[in-house]
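Colleague: If you scroll down you'll find the structure; I have some questions about it.
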Protein chains: 2
Amino acid sequence: MRLVLEALEEGKLKRIARLFRKLHPARIAGLLESLPATERAAAWDMIDGERTAKVLRHLQEEVRRRLAAEMDLDHLVEAARGLEPDDLVDLIQDLPMATGRQILEAMDRRERERLQSMLSYPEDSAGGLMNMDQIAVRANIRVGTLLRYLRLREDLPPNTDKFFVIDRKQHYQGMLRTRRVLTARPETLVSELMETDFEPVPADQPSDAVARRFEEEDLSSAPVVDADGRLLGRITVDDVVDVIREQAAHAIMGMAGLDEETDMFAPVLASSRRRAVWLGINLITAFLAAWVIGLFEGTLQQVVALAVLMPIVASMGGIAGSQTLTLVIRGLATGQLGGGNTRILLLKEAGIGLLNGLLWALVVAALAILWFGDWAIGGIIAVAILLNLLCAALSGVAIPLLMRRLGIDPALAGSVVLTTVTDIVGFFAFLGLATLVLL
Amino acid sequence: MRLVLEALEEGKLKRIARLFRKLHPARIAGLLESLPATERAAAWDMIDGERTAKVLRHLQEEVRRRLAAEMDLDHLVEAARGLEPDDLVDLIQDLPMATGRQILEAMDRRERERLQSMLSYPEDSAGGLMNMDQIAVRANIRVGTLLRYLRLREDLPPNTDKFFVIDRKQHYQGMLRTRRVLTARPETLVSELMETDFEPVPADQPSDAVARRFEEEDLSSAPVVDADGRLLGRITVDDVVDVIREQAAHAIMGMAGLDEETDMFAPVLASSRRRAVWLGINLITAFLAAWVIGLFEGTLQQVVALAVLMPIVASMGGIAGSQTLTLVIRGLATGQLGGGNTRILLLKEAGIGLLNGLLWALVVAALAILWFGDWAIGGIIAVAILLNLLCAALSGVAIPLLMRRLGIDPALAGSVVLTTVTDIVGFFAFLGLATLVLL
């Protein structure tokens with residue numbers, strides 16, 4: 001990357017073009033993403049025409065959309081021809097409607113119909129993940145015939161570890177592993193080698209369920225069928241790996257209110273606007289907490305030590321709660337939580353909250369007494385911390401479960417709601433107790 | 001899962017055994033992980049002997065270790081025989097030394113030597129990921145001969161999309177795609193079909209670099225070589241998928257101070273102990289913030305509104321900073337940040353901090369003036385928020401870069417350090433300014 005930046009500064013564009021010819025398209029995409037906007041545009045022009053498509057496929061959504069928007073249509077159509085159908089479908093979904101339609105119109109009829117049928121499935125479903133490069137065979141042919149057919153094709157699509165067996169009406173009947181073909185005698189019938197107990201993937205299955213199945217069963221590819229059991233295409237593991245990466249990025253970036261397809265070097269104004277929303281949401285919760293504190297202005301005025309110690313109560317609750325929350329969100333995502341075991345988890349988390357609440361209540365109380373020389377304040381902060389940690393454990397389990405039921409993604413909003421609860425409970429318990437005891 | 005829990009309650013163990021016979025081992029592992037300890041042990045006993053190994057392989061580390069520790073050695077050795085070498089190596093690494101040694105001793109000599117050479121590589125390196133089920137061929141044989149050899153083997157290992165070409169001394173020379181074998185004429189020489197420009201993976205390459213390469217180049221398998229270029233084994237995409245999942249879990253769980261291999265139903269005492277450490281670290285930072293507030297006790301006593309508003313300043317800084325931090329940590333993880341572009345990113349983040357700082361400073365100031373009817377407090381909180389958001393942007397970039405240089409994983413400790421900084425700066429700026437202006 002340093003090389004590219006230096007070459008750009010010195011205006012040595014040819015050196016970049018030479019470097020790009022040696023690199024894997026995915027590497028080039030990564031390099032482009034790590035360049036600021038103007039440098040990115042300059043480097044983009046240095047990519048060989050035929051490789052544009054491959055680099056485009058590896059770019060993240062936002063960067064891809066931005067670069068594609070600046071290409072003229074002829075270039076874009078030319079690049080689109082170099083893409084595999086599933087990647088092309090992704091690209092079209094990212095482009096403005098009009099541009100997408102123009103690309104489709106530039107394709108030949110057969111290709112266009114294929115793409116349109118793929119575009120009819122949501123991006124995050126099996127139909128949106130699939131490719132149409134599967135090799136389908138009939139059950140009644142012999143391995144020798146199949147091999148002769150394959151030799152005529154000269155090459156097979158990547159990740160072809162299975163052929164699919166269909167009947168006359170395109171219904172999926174089973175799959176035939178390529179390794180069985182390699183080890184079988186030529187006179188064997190496909191029907192003797194095929195496996196019929198492999199469940200095909202329904203086209204409307206959500207992509208995270210597809211990913212989990214690939215992961216659990218160590219698949220390289222899987223057939224996709226429509227509601228009538230007709231073979232539509234296949235999903236390959238490379239696309240599943242992308243789904244898994246995106247899910248992970250979504251979970252991590254989502255916790256900070258960011259989009260996983262965020263361009264690191266998006267214009268300042270666009271980035272500011274998007275982040276402002278998250279700050280605004282947080283501001284509401286911060287004012288809620290401030291309002292709770294405001295209820296006890298009189299108490300604070302008389303015992304200012306409370307103002308000094310109150311953030312500790314809130315913060316311990318927030319940390320303990322987010323540990324429980326993280327565990328529960330993960331349990332929900334992996335499907336291991338729900339049904340019979342939530343009550344047991346709730347009890348366990350409450351137990352942990354109790355133990356850690358007792359431990360840290362004692363520690364903080366001791367430190368507070370040392371600091372302010374006031375036994376009452378020590379007692380009050382101990383009770384408040386214990387209460388807040390118990391409440392944090394319960395909210396950590398309850399909030400994501402409730403959000404899930406309401407159809408909200410707990411990974412995105414869970415921690416905001418949780419810290420609101422632990423802040424309010426923390427401040428209220430601490431200052432409320434102090435008002436009762438000290439005044 | 002509800003089914004299993006109900007059946008356990010009613011003591012209908014046979015029903016569980018029947019259910020388990022129908023499920024994929026990965027599904028059973030998931031089920032076991034979602035059961036509380038006693039129920040888990042009861043269900044575990046219901047798994048067919050021959051499937052124990054496969055379920056064991058899919059269990060997460062902590063659960064696996066706990067269940068394996070309770071099995072008697074004969075059972076364990078029998079189960080171990082059913083595992084693929086790379087999974088067996090993982091298992092042995094999780095078990096107590098003595099048990100691991102006993103399993104090794106129960107293997108035959110050839111198998112044991114193989115395992116020992118695999119055990120010599122760290123778990124998170126290419127050597128630790130690899131299997132030794134690769135098929136190696138010589139460059140000077142013909143496809144027809146290769147096919148005859150394959151037919152003798154009857155079956156190939158899963159995920160065999162390439163054969164590897166080696167010389168007399170086991171040196172890696174290139175790879176031969178199975179799809180080329182399927183489409184080639186029998187008289188073609190392997191040397192004509194093999195690809196020599198595919199770089200093998202060095203055994204000491206870290207597993208996250210391996211995962212990135214698989215992802216970027218859409219690989220199904222790759223050869224692993226030692227420092228002399230000798231072929232040691234191969235890595236398959238199913239293991240890479242596990243690495244990616246683990247990395248993601250590590251990042252998400254790590255932010256809450258949890259281990260990604262945490263058993264959701266670990267005993268309360270063990271869980272409490274582990275989480276207490278994280279709470280203790282947080283307590284230190286909370287006391288630092290409290291200490292800063294304590295510096296201004298006199299001011300707080302005179303203007304109690306400051307105590308009400310101060311958490312808002314700290315909280316806005318924390319949120320804005322964690323957005324920058326998340327972006328930078330991700331940039332470091334994908335390798336897109338570092339070298340030439342950090343300065344540009346710093347400027348961009350500072351710009352965003354300035355814009356959002358101005359926006360929210362005005363909003364909060366207006367609300368504060370409305371609430372307390374005091375123009376001076378409005379002005380003070382506006383300046384403090386602006387300062388804290390700028391500082392949050394700078395720390396969000398600087399802290400992870402610094403940690404990286406010190407060899408600390410920023411995904412684990414970054415957010416604790418960041419919120420310490422934004423808390424301290426927020427409280428100090430707000431209360432300090434108030435002391436200067438109001439008193």
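Identifiers in the structure tokens: chain A, B, ... in order shown; residue index from 1 per chain; ligand index from 1 in order shown.
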Would you kindly report the residues of chain B within 6 Å of chain A, using only C-alpha atoms, as a PyMOL selection string?
Modeller: chain B and resi 2+26+34+150-151+154+156+179+183-184+216+218+238+248+256+268+272+286+290+293-294+301+304+307-309+312+323+336+339-340+352
Colleague: Give the strand (DSSP E) residues of range 111-309 of chain A, as assigned by DSSP on the backbone, as JSON, numbers by chain.
Modeller: {"A": [136, 137, 162, 163, 164, 165, 166, 172, 173, 174, 175, 176, 177, 201, 202, 221, 222, 223, 224, 225, 231, 232, 233, 234, 235, 236]}
Colleague: Env of range 106-121 of chain A: 9 Å cut, atoms = only C-alpha atoms, seq-sep filter 3 positions within chain, self excluded. Answer as a PDB file with all heavy atoms, in the first residue's frame.
Modeller:
ATOM      1  N   VAL A  77     -20.534  -2.414 -18.737  1.00  0.00           N
ATOM      2  CA  VAL A  77     -21.120  -3.591 -19.382  1.00  0.00           C
ATOM      3  C   VAL A  77     -20.021  -4.589 -19.729  1.00  0.00           C
ATOM      4  O   VAL A  77     -20.155  -5.791 -19.506  1.00  0.00           O
ATOM      5  CB  VAL A  77     -21.899  -3.176 -20.650  1.00  0.00           C
ATOM      6  CG1 VAL A  77     -22.261  -4.400 -21.470  1.00  0.00           C
ATOM      7  CG2 VAL A  77     -23.140  -2.394 -20.269  1.00  0.00           C
ATOM      8  N   ARG A  81     -19.621  -8.462 -18.088  1.00  0.00           N
ATOM      9  CA  ARG A  81     -19.525  -9.731 -18.810  1.00  0.00           C
ATOM     10  C   ARG A  81     -18.505 -10.670 -18.190  1.00  0.00           C
ATOM     11  O   ARG A  81     -18.593 -11.879 -18.332  1.00  0.00           O
ATOM     12  CB  ARG A  81     -19.127  -9.464 -20.268  1.00  0.00           C
ATOM     13  CG  ARG A  81     -20.296  -9.223 -21.166  1.00  0.00           C
ATOM     14  CD  ARG A  81     -19.802  -9.185 -22.605  1.00  0.00           C
ATOM     15  NE  ARG A  81     -20.214  -7.956 -23.253  1.00  0.00           N
ATOM     16  CZ  ARG A  81     -21.426  -7.768 -23.769  1.00  0.00           C
ATOM     17  NH1 ARG A  81     -22.316  -8.737 -23.724  1.00  0.00           N
ATOM     18  NH2 ARG A  81     -21.750  -6.643 -24.329  1.00  0.00           N
ATOM     19  N   PRO A  85     -22.429 -15.075 -12.683  1.00  0.00           N
ATOM     20  CA  PRO A  85     -23.803 -14.572 -12.518  1.00  0.00           C
ATOM     21  C   PRO A  85     -24.131 -14.118 -11.103  1.00  0.00           C
ATOM     22  O   PRO A  85     -24.739 -13.066 -10.920  1.00  0.00           O
ATOM     23  CB  PRO A  85     -24.657 -15.775 -12.924  1.00  0.00           C
ATOM     24  CG  PRO A  85     -23.802 -16.568 -13.824  1.00  0.00           C
ATOM     25  CD  PRO A  85     -22.401 -16.352 -13.386  1.00  0.00           C
ATOM     26  N   ASP A  86     -23.724 -14.870 -10.060  1.00  0.00           N
ATOM     27  CA  ASP A  86     -24.139 -14.451  -8.715  1.00  0.00           C
ATOM     28  C   ASP A  86     -23.486 -13.135  -8.303  1.00  0.00           C
ATOM     29  O   ASP A  86     -24.082 -12.315  -7.615  1.00  0.00           O
ATOM     30  CB  ASP A  86     -23.876 -15.545  -7.675  1.00  0.00           C
ATOM     31  CG  ASP A  86     -22.414 -15.917  -7.594  1.00  0.00           C
ATOM     32  OD1 ASP A  86     -21.695 -15.700  -8.581  1.00  0.00           O
ATOM     33  OD2 ASP A  86     -21.991 -16.447  -6.561  1.00  0.00           O
ATOM     34  N   LEU A  88     -22.562 -10.822 -10.486  1.00  0.00           N
ATOM     35  CA  LEU A  88     -23.189  -9.812 -11.326  1.00  0.00           C
ATOM     36  C   LEU A  88     -24.516  -9.383 -10.713  1.00  0.00           C
ATOM     37  O   LEU A  88     -24.865  -8.195 -10.680  1.00  0.00           O
ATOM     38  CB  LEU A  88     -23.393 -10.380 -12.736  1.00  0.00           C
ATOM     39  CG  LEU A  88     -23.966  -9.416 -13.773  1.00  0.00           C
ATOM     40  CD1 LEU A  88     -23.193  -8.121 -13.804  1.00  0.00           C
ATOM     41  CD2 LEU A  88     -23.972 -10.057 -15.147  1.00  0.00           C
ATOM     42  N   VAL A  89     -25.259 -10.356 -10.192  1.00  0.00           N
ATOM     43  CA  VAL A  89     -26.530 -10.046  -9.545  1.00  0.00           C
ATOM     44  C   VAL A  89     -26.298  -9.109  -8.351  1.00  0.00           C
ATOM     45  O   VAL A  89     -27.002  -8.118  -8.171  1.00  0.00           O
ATOM     46  CB  VAL A  89     -27.229 -11.350  -9.095  1.00  0.00           C
ATOM     47  CG1 VAL A  89     -28.331 -11.055  -8.091  1.00  0.00           C
ATOM     48  CG2 VAL A  89     -27.800 -12.066 -10.310  1.00  0.00           C
ATOM     49  N   ASP A  90     -25.267  -9.417  -7.560  1.00  0.00           N
ATOM     50  CA  ASP A  90     -24.938  -8.534  -6.430  1.00  0.00           C
ATOM     51  C   ASP A  90     -24.650  -7.119  -6.920  1.00  0.00           C
ATOM     52  O   ASP A  90     -25.121  -6.140  -6.345  1.00  0.00           O
ATOM     53  CB  ASP A  90     -23.687  -9.050  -5.694  1.00  0.00           C
ATOM     54  CG  ASP A  90     -24.046 -10.182  -4.757  1.00  0.00           C
ATOM     55  OD1 ASP A  90     -25.247 -10.476  -4.620  1.00  0.00           O
ATOM     56  OD2 ASP A  90     -23.120 -10.763  -4.174  1.00  0.00           O
ATOM     57  N   ILE A  92     -25.561  -5.609  -9.719  1.00  0.00           N
ATOM     58  CA  ILE A  92     -26.758  -4.928 -10.243  1.00  0.00           C
ATOM     59  C   ILE A  92     -27.624  -4.428  -9.092  1.00  0.00           C
ATOM     60  O   ILE A  92     -28.172  -3.340  -9.131  1.00  0.00           O
ATOM     61  CB  ILE A  92     -27.557  -5.879 -11.166  1.00  0.00           C
ATOM     62  CG1 ILE A  92     -26.750  -6.125 -12.442  1.00  0.00           C
ATOM     63  CG2 ILE A  92     -28.919  -5.303 -11.509  1.00  0.00           C
ATOM     64  CD1 ILE A  92     -27.402  -7.076 -13.402  1.00  0.00           C
ATOM     65  N   GLN A  93     -27.699  -5.242  -8.029  1.00  0.00           N
ATOM     66  CA  GLN A  93     -28.511  -4.815  -6.887  1.00  0.00           C
ATOM     67  C   GLN A  93     -27.939  -3.583  -6.204  1.00  0.00           C
ATOM     68  O   GLN A  93     -28.660  -2.837  -5.549  1.00  0.00           O
ATOM     69  CB  GLN A  93     -28.660  -5.970  -5.879  1.00  0.00           C
ATOM     70  CG  GLN A  93     -29.780  -6.924  -6.281  1.00  0.00           C
ATOM     71  CD  GLN A  93     -29.702  -8.253  -5.560  1.00  0.00           C
ATOM     72  OE1 GLN A  93     -28.642  -8.638  -5.093  1.00  0.00           O
ATOM     73  NE2 GLN A  93     -30.820  -8.956  -5.492  1.00  0.00           N
ATOM     74  N   ARG A 101     -30.622  -1.841 -15.277  1.00  0.00           N
ATOM     75  CA  ARG A 101     -31.433  -2.271 -16.412  1.00  0.00           C
ATOM     76  C   ARG A 101     -30.626  -2.204 -17.710  1.00  0.00           C
ATOM     77  O   ARG A 101     -30.700  -3.088 -18.556  1.00  0.00           O
ATOM     78  CB  ARG A 101     -32.702  -1.412 -16.506  1.00  0.00           C
ATOM     79  CG  ARG A 101     -33.818  -2.161 -17.221  1.00  0.00           C
ATOM     80  CD  ARG A 101     -35.157  -1.443 -17.164  1.00  0.00           C
ATOM     81  NE  ARG A 101     -35.522  -1.052 -15.817  1.00  0.00           N
ATOM     82  CZ  ARG A 101     -35.897   0.190 -15.472  1.00  0.00           C
ATOM     83  NH1 ARG A 101     -35.927   1.139 -16.380  1.00  0.00           N
ATOM     84  NH2 ARG A 101     -36.221   0.454 -14.221  1.00  0.00           N
ATOM     85  N   GLN A 102     -29.801  -1.147 -17.840  1.00  0.00           N
ATOM     86  CA  GLN A 102     -29.003  -1.030 -19.058  1.00  0.00           C
ATOM     87  C   GLN A 102     -28.010  -2.181 -19.191  1.00  0.00           C
ATOM     88  O   GLN A 102     -27.790  -2.693 -20.285  1.00  0.00           O
ATOM     89  CB  GLN A 102     -28.264   0.311 -19.065  1.00  0.00           C
ATOM     90  CG  GLN A 102     -29.176   1.457 -19.527  1.00  0.00           C
ATOM     91  CD  GLN A 102     -28.552   2.804 -19.253  1.00  0.00           C
ATOM     92  OE1 GLN A 102     -28.148   3.083 -18.127  1.00  0.00           O
ATOM     93  NE2 GLN A 102     -28.461   3.637 -20.274  1.00  0.00           N
ATOM     94  N   ILE A 103     -27.443  -2.592 -18.059  1.00  0.00           N
ATOM     95  CA  ILE A 103     -26.513  -3.733 -18.121  1.00  0.00           C
ATOM     96  C   ILE A 103     -27.266  -4.982 -18.562  1.00  0.00           C
ATOM     97  O   ILE A 103     -26.820  -5.738 -19.432  1.00  0.00           O
ATOM     98  CB  ILE A 103     -25.848  -3.965 -16.747  1.00  0.00           C
ATOM     99  CG1 ILE A 103     -24.933  -2.799 -16.408  1.00  0.00           C
ATOM    100  CG2 ILE A 103     -25.064  -5.274 -16.754  1.00  0.00           C
ATOM    101  CD1 ILE A 103     -24.196  -2.974 -15.106  1.00  0.00           C
ATOM    102  N   ASP A 124     -30.144 -11.992   0.529  1.00  0.00           N
ATOM    103  CA  ASP A 124     -29.707 -12.799   1.674  1.00  0.00           C
ATOM    104  C   ASP A 124     -30.478 -14.112   1.782  1.00  0.00           C
ATOM    105  O   ASP A 124     -30.754 -14.604   2.864  1.00  0.00           O
ATOM    106  CB  ASP A 124     -29.817 -12.003   2.973  1.00  0.00           C
ATOM    107  CG  ASP A 124     -31.236 -11.532   3.211  1.00  0.00           C
ATOM    108  OD1 ASP A 124     -32.066 -11.644   2.280  1.00  0.00           O
ATOM    109  OD2 ASP A 124     -31.529 -11.061   4.325  1.00  0.00           O
ATOM    110  N   SER A 125     -30.831 -14.692   0.641  1.00  0.00           N
ATOM    111  CA  SER A 125     -31.473 -16.011   0.637  1.00  0.00           C
ATOM    112  C   SER A 125     -30.629 -16.950  -0.208  1.00  0.00           C
ATOM    113  O   SER A 125     -29.722 -16.516  -0.925  1.00  0.00           O
ATOM    114  CB  SER A 125     -32.872 -15.914   0.053  1.00  0.00           C
ATOM    115  OG  SER A 125     -32.798 -15.679  -1.343  1.00  0.00           O
ATOM    116  N   ALA A 126     -30.928 -18.236  -0.123  1.00  0.00           N
ATOM    117  CA  ALA A 126     -30.194 -19.216  -0.916  1.00  0.00           C
ATOM    118  C   ALA A 126     -30.273 -18.861  -2.397  1.00  0.00           C
ATOM    119  O   ALA A 126     -29.288 -18.956  -3.127  1.00  0.00           O
ATOM    120  CB  ALA A 126     -30.766 -20.613  -0.668  1.00  0.00           C
ATOM    121  N   GLY A 127     -31.439 -18.405  -2.844  1.00  0.00           N
ATOM    122  CA  GLY A 127     -31.608 -18.014  -4.250  1.00  0.00           C
ATOM    123  C   GLY A 127     -30.684 -16.875  -4.635  1.00  0.00           C
ATOM    124  O   GLY A 127     -30.185 -16.816  -5.756  1.00  0.00           O
ATOM    125  N   GLY A 128     -30.446 -15.959  -3.695  1.00  0.00           N
ATOM    126  CA  GLY A 128     -29.570 -14.838  -3.976  1.00  0.00           C
ATOM    127  C   GLY A 128     -28.104 -15.222  -3.958  1.00  0.00           C
ATOM    128  O   GLY A 128     -27.266 -14.541  -4.539  1.00  0.00           O
ATOM    129  N   LEU A 129     -27.789 -16.327  -3.296  1.00  0.00           N
ATOM    130  CA  LEU A 129     -26.394 -16.790  -3.205  1.00  0.00           C
ATOM    131  C   LEU A 129     -25.995 -17.690  -4.350  1.00  0.00           C
ATOM    132  O   LEU A 129     -24.824 -17.888  -4.619  1.00  0.00           O
ATOM    133  CB  LEU A 129     -26.200 -17.591  -1.905  1.00  0.00           C
ATOM    134  CG  LEU A 129     -25.971 -16.865  -0.606  1.00  0.00           C
ATOM    135  CD1 LEU A 129     -25.867 -17.875   0.521  1.00  0.00           C
ATOM    136  CD2 LEU A 129     -24.703 -16.032  -0.686  1.00  0.00           C
ATOM    137  N   MET A 130     -27.007 -18.282  -5.006  1.00  0.00           N
ATOM    138  CA  MET A 130     -26.671 -19.381  -5.919  1.00  0.00           C
ATOM    139  C   MET A 130     -26.092 -18.904  -7.243  1.00  0.00           C
ATOM    140  O   MET A 130     -26.258 -17.768  -7.647  1.00  0.00           O
ATOM    141  CB  MET A 130     -27.905 -20.244  -6.180  1.00  0.00           C
ATOM    142  CG  MET A 130     -28.924 -19.599  -7.083  1.00  0.00           C
ATOM    143  SD  MET A 130     -30.372 -20.669  -7.292  1.00  0.00           S
ATOM    144  CE  MET A 130     -31.399 -19.579  -8.293  1.00  0.00           C
ATOM    145  N   ASN A 131     -25.391 -19.807  -7.870  1.00  0.00           N
ATOM    146  CA  ASN A 131     -24.884 -19.641  -9.205  1.00  0.00           C
ATOM    147  C   ASN A 131     -25.615 -20.624 -10.095  1.00  0.00           C
ATOM    148  O   ASN A 131     -26.259 -21.552  -9.592  1.00  0.00           O
ATOM    149  CB  ASN A 131     -23.397 -19.972  -9.220  1.00  0.00           C
ATOM    150  CG  ASN A 131     -22.608 -18.797  -9.694  1.00  0.00           C
ATOM    151  OD1 ASN A 131     -23.004 -18.173 -10.666  1.00  0.00           O
ATOM    152  ND2 ASN A 131     -21.527 -18.499  -9.029  1.00  0.00           N
ATOM    153  N   MET A 132     -25.518 -20.450 -11.415  1.00  0.00           N
ATOM    154  CA  MET A 132     -26.218 -21.398 -12.276  1.00  0.00           C
ATOM    155  C   MET A 132     -25.242 -22.203 -13.109  1.00  0.00           C
ATOM    156  O   MET A 132     -25.539 -22.600 -14.233  1.00  0.00           O
ATOM    157  CB  MET A 132     -27.197 -20.641 -13.153  1.00  0.00           C
ATOM    158  CG  MET A 132     -28.327 -20.117 -12.289  1.00  0.00           C
ATOM    159  SD  MET A 132     -29.466 -19.163 -13.260  1.00  0.00           S
ATOM    160  CE  MET A 132     -30.956 -19.378 -12.306  1.00  0.00           C
ATOM    161  N   ALA A 203     -34.732 -22.563  -2.218  1.00  0.00           N
ATOM    162  CA  ALA A 203     -34.254 -21.262  -2.700  1.00  0.00           C
ATOM    163  C   ALA A 203     -34.584 -20.126  -1.740  1.00  0.00           C
ATOM    164  O   ALA A 203     -33.901 -19.111  -1.721  1.00  0.00           O
ATOM    165  CB  ALA A 203     -34.838 -20.959  -4.076  1.00  0.00           C
ATOM    166  N   ASP A 204     -35.630 -20.302  -0.920  1.00  0.00           N
ATOM    167  CA  ASP A 204     -36.001 -19.199  -0.035  1.00  0.00           C
ATOM    168  C   ASP A 204     -35.395 -19.340   1.366  1.00  0.00           C
ATOM    169  O   ASP A 204     -35.754 -18.598   2.269  1.00  0.00           O
ATOM    170  CB  ASP A 204     -37.523 -19.077   0.048  1.00  0.00           C
ATOM    171  CG  ASP A 204     -38.173 -20.382   0.504  1.00  0.00           C
ATOM    172  OD1 ASP A 204     -37.434 -21.371   0.714  1.00  0.00           O
ATOM    173  OD2 ASP A 204     -39.410 -20.417   0.643  1.00  0.00           O
TER     174      ASP A 204
END
Colleague: Which residues are close to range 374-385 of chain B, i.e. within 6 Å by only C-alpha atoms, leaving aside same-chain residues fewer than 4 positions away? Reply as an NGL selection string.
Modeller: :B and (313 or 361 or 365 or 368-369 or 429-430)
Colleague: Store the residues picked out above, limited to N, CA and C atoms, as a short mmCIF file (atom, residue, chain, number, x, y, z; two decimals), in the first residue's frame.
Modeller:
data_model
loop_
_atom_site.label_atom_id
_atom_site.label_comp_id
_atom_site.auth_asym_id
_atom_site.auth_seq_id
_atom_site.Cartn_x
_atom_site.Cartn_y
_atom_site.Cartn_z
N VAL B 313 -21.62 14.34 28.88
CA VAL B 313 -20.37 14.65 28.18
C VAL B 313 -19.52 13.39 28.01
N ALA B 361 -22.91 19.56 20.29
CA ALA B 361 -22.63 20.59 21.29
C ALA B 361 -23.79 21.58 21.31
N ALA B 365 -26.32 21.94 24.41
CA ALA B 365 -26.31 23.26 25.05
C ALA B 365 -27.74 23.81 25.11
N ALA B 368 -29.66 21.98 27.73
CA ALA B 368 -29.19 22.30 29.08
C ALA B 368 -29.70 23.68 29.50
N ILE B 369 -29.70 24.63 28.55
CA ILE B 369 -30.17 25.98 28.88
C ILE B 369 -31.67 25.95 29.19
N ALA B 429 -12.73 18.24 31.27
CA ALA B 429 -13.04 19.42 30.47
C ALA B 429 -14.27 20.14 31.01
N PHE B 430 -15.32 19.34 31.28
CA PHE B 430 -16.58 19.94 31.72
C PHE B 430 -16.44 20.60 33.09
#
Colleague: Just the residues within 8 Å of Arg57 in chain B, please, counting only C-alpha atoms, with nothing from its chain fewer than 3 positions along; format it as a VMD selection string.
Modeller: chain B and resid 53 to 54 83 87 to 88 91
Colleague: Save the residues we just selected, C-alpha atoms, as a PDB file, in the first residue's frame?
Modeller:
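Below you can see out22.pdb, which holds the result:
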ATOM      1  CA  ALA B  53     -15.863 -39.027  17.844  1.00  0.00           C
ATOM      2  CA  LYS B  54     -17.740 -37.028  15.246  1.00  0.00           C
ATOM      3  CA  LEU B  83     -11.352 -38.554  14.301  1.00  0.00           C
ATOM      4  CA  ASP B  87      -9.288 -32.785  14.808  1.00  0.00           C
ATOM      5  CA  LEU B  88      -7.540 -35.370  16.938  1.00  0.00           C
ATOM      6  CA  LEU B  91      -8.565 -32.689  21.000  1.00  0.00           C
TER       7      LEU B  91
END
